[in-house]
Amino acid sequence: MICTSKRHCTALLTLLVGLSCLLLTTSQVRAQGIDPEDRPISKVSIEGLKNVSRQMVLNNIRSEVGEPYDADTVEQDIVRLTHLGRFDQVTARVEPQDDGSVVLIFDVSEQALLTDVQVVGNKAIPDNTILGMVLLRPGDPADPFLIEQGLGRIVREYQNKGYFVADISIDRELLRDSNILVYRVREGPRVKIKGIRFEGNTRYTHKQLKSKLRSKTYFPIFQKGDLNREQLDLDSSGVRDFYHDRGYLDAQVGRRIDLSPNEKDAVVVFLIEEGKQYLVYQVRILPPEDGEKRLLPDSQIRQYLALAPGDIYSKDKTDKSSKTLEDLYGQIGFLDVRVRVTALPHEDEPLVDLVVRIQQGVPSVVGKVSITGNELTRQKVVLRQVRGMDPGRRFDKTGVDRTRRRLADGRLFSEGTVTILGEPEDGTRDVLVDVTEATTGSISFGAGVSSDAGVLGAIDLSQRNFDITDTPQTPKEFFSGRAFRGAGQSFSLSLQPGDEVSRYAISFSEPSLLETDYFFGTSISLYEREFDDYDEERTGGTVSLGRRFGDVWSASVAARAATVDISTIQPDAPVDVFAVAGESDLAAFGFGVVRSTTDSNIFPTRGNRWEFNVEQVGALGGDYDFTKISTEFRQFWTVEEDFFGRRTVLSWRVKAAIIPEDNEAPFFERLYLGGQSTFRGFEFRGVGPRGIEANTMTAGDEAVGDEWLLAAGVEYNFPIYGDTLRMVFFSDMGTLTDDPGVDDWRVSVGTGLRIKIPFFGAAPFALDVATPVLKEEGDQTQVLSFSLDLPFR
């Protein structure tokens, strides 16, 4: 039996001591050779008291002067006194009197009281934590059982923290002489995990099982590798759940810790008994309870189950089946539907019956939708994110989760909760959406460095919850940040001077024009870049108007105009550069379509995104007349999700672009390939034809672009350390030529790191190492590419 609390331990001790005292009392009374039963008690005496008050004892006994002696009552008195926890021993005896009465005497032996409780020598675990495990305080009896129990708890806590050679002892001499309880701690080294092994696994590899562990082997800087007994227990459960989820319902997982001779590191061995793999024998759908009429027939319910007879049983699939059916019912208003898909194993063979129970409830209609917490943000901005909860219509339960995700992804709110009010039996239920407004405005000063663009300075002013109509009434309102806020519009001003590239821009966007599905955006910018053989300066602006078609599709039209100035041309510059020297005017009109099902705009882990764009340069005037057509597709898959919810993601992309007209586009509007953002392993614009130098009429080093681009890539992204460090393996490939096709195909392979630090933003640092395995003459390669944004506010 194990005591889990002071009260439990005291009760156990009371029972043991009380029984011994009762036996001793009975034998003493019998040894006196008298029968005191029913004789009147003339006096109750307590002998052996030192620190405990006589009144405390009298308050806990029921035998009283004048009452007849009753052996059962005396026995209960002994139990109550023992239960006080102040006595080592309690007995009772009687002394007969000449008048026929008896004197009842309780003999007690007090426990020593602790004058102090201390712990010394501890560093890794603070005093208050250790003393909290002891359950003894100054003034408590020096209970040997609780003292030893506290010792055991301290030892286990140190082992849980990885101190497997810690020595904990009690200063017995000080306890005996002064009633001071001192736990002396010698911690020793903290054991590191040197290796992790698995024994008994035949179905799954070491790598597959290791991904389910939170414990990691020691790796300098990146992984502490501390051995924690509690975490190992959780890891054992995680591996067991992994097997159970794959049909091995009898799988058992234990562990063994092999300490090294120096007692500083250890190898953890997980001991696995896999058992047999269970199959689904049949699916039974139970009839509705309480006479409910089932909404869906059995045949339709079976279609939404992820398991069928003959399949390998999987707990994950049973959970997904429950969720799928609940979502199906929830989409038609059954908010409180409960679906349970359980497995009933057969006794004699590895088979299970799937039993489906559905409690439908009643459908609900949306009543009033109320918004709270939006001190500055307009209510209509919050309502734009609400899905599946239109007043007067049936609820779509899946809209609750979609609303929460949209509130989080919109970056206007730090938190958003959706509460459906009322009782399950109510036909109409109101909705409360509570938001916590985030800090949406910022001004930052910083710097950036990139292998593609050199060193940049940055002064950025942005407001993601802008309101162009909310003009300040007073200067205080403006400087306090309460003006120009609340409509969900975006405004930014960016000044980024650099040694190679400089950008200056101001932009504004309205995501819901006149509270419709239309969106609007405009920007003005100045771009300057110094190339080896010339300088390029581009001044212009854009305006766009689009419409959303649900949450997946959107389409837009856009116009842009720019003046491009090519200057400081060197004698060895390409002839294509000299051909457009000086200022040129561009004007274009375009159309674009986007379809996106990704789960995040920052770090997608599933879904896909497709874009298609057509732009006619010269449609609105200008010096050039040509067409640009481009399309790009990206797909994301979650390959695996570990114990912490960190996902391993496989992604694939392909992009194609063409300028149909031959030799109509100036070099600064042509297609380019190469650099970290387009083709790693090659320099910025390092893929494709080189220009003919004007002074020698031979091929030079400067890129001049081309009219057909086809690029693809695959990337495997997985976590290394927490949410901070991830690693990628990738392959980029593509071509840049003058005619559609796959001629001059290039391929590169590489690996890289992604380091996420909150101070640097959402995705601030990427470091990639890539090597071309297929390239063409004239290509400019680059092994290392990187990008780093450094804000300082």
# chains A, B, ... in the order shown; residues from 1 in each chain; ligands from 1

$ select_by_dssp --residues "segment 120-313 of chain A" --states "helix (DSSP H, G or I)" --output "number ranges by chain"
A: 127-134, 144-160, 172-178, 206-210, 229-244, 298-303

$ residues_around --residues "Leu432 of chain A" --least-positions-apart "3" --cutoff "6 Å" --atoms "only C-alpha atoms" --output "MDAnalysis selection string"
chainID A and resid 369:370 418:419

$ write_last_selection --atoms "N, CA and C atoms" --output "PDB file, in the first residue's frame"
ATOM      1  N   VAL A 369     -26.011  37.347 -32.897  1.00  0.00           N
ATOM      2  CA  VAL A 369     -24.558  37.232 -32.807  1.00  0.00           C
ATOM      3  C   VAL A 369     -24.024  38.529 -32.193  1.00  0.00           C
ATOM      4  N   SER A 370     -23.449  38.412 -30.995  1.00  0.00           N
ATOM      5  CA  SER A 370     -22.942  39.583 -30.270  1.00  0.00           C
ATOM      6  C   SER A 370     -21.414  39.580 -30.272  1.00  0.00           C
ATOM      7  N   VAL A 418     -15.387  31.839 -29.344  1.00  0.00           N
ATOM      8  CA  VAL A 418     -16.770  31.770 -29.827  1.00  0.00           C
ATOM      9  C   VAL A 418     -17.551  30.901 -28.848  1.00  0.00           C
ATOM     10  N   THR A 419     -18.601  31.466 -28.258  1.00  0.00           N
ATOM     11  CA  THR A 419     -19.414  30.741 -27.285  1.00  0.00           C
ATOM     12  C   THR A 419     -20.851  30.688 -27.779  1.00  0.00           C
TER      13      THR A 419
END

$ residues_around --residues "Ile301 of chain A" --least-positions-apart "4" --cutoff "12 Å" --atoms "only C-alpha atoms" --output "PyMOL selection string"
chain A and resi 283-286+294-297+305-308+321-322+324-326+328-329+339+341+356-358

$ write_last_selection --atoms "C-alpha atoms" --output "compact mmCIF listing (two decimals), in the first residue's frame"
# COMPACT_ATOMS: atom_id res chain seq x y z
CA VAL A 283 -19.23 -2.59 -37.82
CA ARG A 284 -22.35 -2.35 -35.67
CA ILE A 285 -24.42 0.84 -35.66
CA LEU A 286 -26.60 0.90 -32.59
CA ARG A 294 -32.06 8.80 -36.92
CA LEU A 295 -31.31 11.50 -39.44
CA LEU A 296 -28.92 9.45 -41.58
CA PRO A 297 -29.36 5.82 -42.70
CA LEU A 305 -16.27 5.78 -41.30
CA ALA A 306 -12.53 5.56 -41.88
CA LEU A 307 -12.57 1.82 -41.07
CA ALA A 308 -14.39 -1.09 -42.65
CA SER A 321 -14.53 8.78 -37.78
CA SER A 322 -16.19 10.24 -34.70
CA THR A 324 -16.20 13.33 -39.27
CA LEU A 325 -19.67 12.22 -38.23
CA GLU A 326 -19.97 14.97 -35.62
CA LEU A 328 -21.49 16.09 -40.68
CA TYR A 329 -24.31 16.43 -38.17
CA VAL A 339 -20.69 10.24 -31.71
CA VAL A 341 -16.93 4.84 -32.16
CA VAL A 356 -21.09 3.26 -33.40
CA ARG A 357 -23.34 5.19 -31.00
CA ILE A 358 -24.94 8.47 -32.10

$ residues_around --residues "Ile272 of chain A" --least-positions-apart "4" --cutoff "12 Å" --atoms "only C-alpha atoms" --output "number ranges by chain"
A: 197-204, 206, 209, 236-237, 239-240, 242-243, 248, 250-256

$ closest_residue --among "A:Phe668, A:Ser556, A:Ser596, A:Pro689" --to "Asp535 of chain A" --atoms "only C-alpha atoms"
A:Phe668

$ residues_around --residues "segment 691-701 of chain A" --least-positions-apart "4" --cutoff "12 Å" --atoms "only C-alpha atoms" --output "list of chain:residue names"
A:Phe531, A:Asp532, A:Asp533, A:Ile569, A:Gln570, A:Pro571, A:Asp572, A:Ala573, A:Pro574, A:Val575, A:Asp576, A:Val577, A:Phe578, A:Ala579, A:Phe667, A:Glu683, A:Arg685, A:Gly686, A:Val687, A:Gly705, A:Asp706, A:Glu777, A:Gly778, A:Asp779, A:Gln780

$ atom_distance --atom1 "atom CA of Asp319 of chain A" --atom2 "atom CA of Gly607 of chain A"
21.4 Å

$ residues_around --residues "Val352 of chain A" --least-positions-apart "5" --cutoff "7 Å" --atoms "only C-alpha atoms" --output "count of residues only"
8

$ atom_distance --atom1 "atom CA of Arg670 of chain A" --atom2 "atom CA of Gly622 of chain A"
16.4 Å

$ residues_around --residues "Ala438 of chain A" --least-positions-apart "3" --cutoff "7 Å" --atoms "only C-alpha atoms" --output "ChimeraX atom specification"
/A:412-414

$ write_last_selection --atoms "N, CA, C and O atoms" --output "PDB file, in the first residue's frame"
ATOM      1  N   LEU A 412      -5.447  40.733 -36.477  1.00  0.00           N
ATOM      2  CA  LEU A 412      -6.013  41.908 -35.804  1.00  0.00           C
ATOM      3  C   LEU A 412      -6.258  41.630 -34.333  1.00  0.00           C
ATOM      4  O   LEU A 412      -6.359  42.580 -33.539  1.00  0.00           O
ATOM      5  N   PHE A 413      -6.337  40.349 -33.965  1.00  0.00           N
ATOM      6  CA  PHE A 413      -6.686  39.986 -32.598  1.00  0.00           C
ATOM      7  C   PHE A 413      -5.680  38.970 -32.068  1.00  0.00           C
ATOM      8  O   PHE A 413      -5.238  38.072 -32.787  1.00  0.00           O
ATOM      9  N   SER A 414      -5.329  39.135 -30.808  1.00  0.00           N
ATOM     10  CA  SER A 414      -4.427  38.178 -30.178  1.00  0.00           C
ATOM     11  C   SER A 414      -5.170  36.946 -29.702  1.00  0.00           C
ATOM     12  O   SER A 414      -4.576  35.889 -29.511  1.00  0.00           O
TER      13      SER A 414
END

$ closest_residue --among "A:Thr568, A:Thr522, A:Ser53, A:Ser42" --to "Gly546 of chain A" --atoms "only C-alpha atoms"
A:Thr522

$ atom_distance --atom1 "atom CA of Glu37 of chain A" --atom2 "atom CA of Leu84 of chain A"
26.7 Å

$ select_by_dssp --residues "segment 267-463 of chain A" --states "strand (DSSP E)" --output "VMD selection string"
chain A and resid 267 to 273 279 to 285 338 to 345 351 to 359 365 to 372 413 to 420 428 to 437 441 to 450 454 to 463
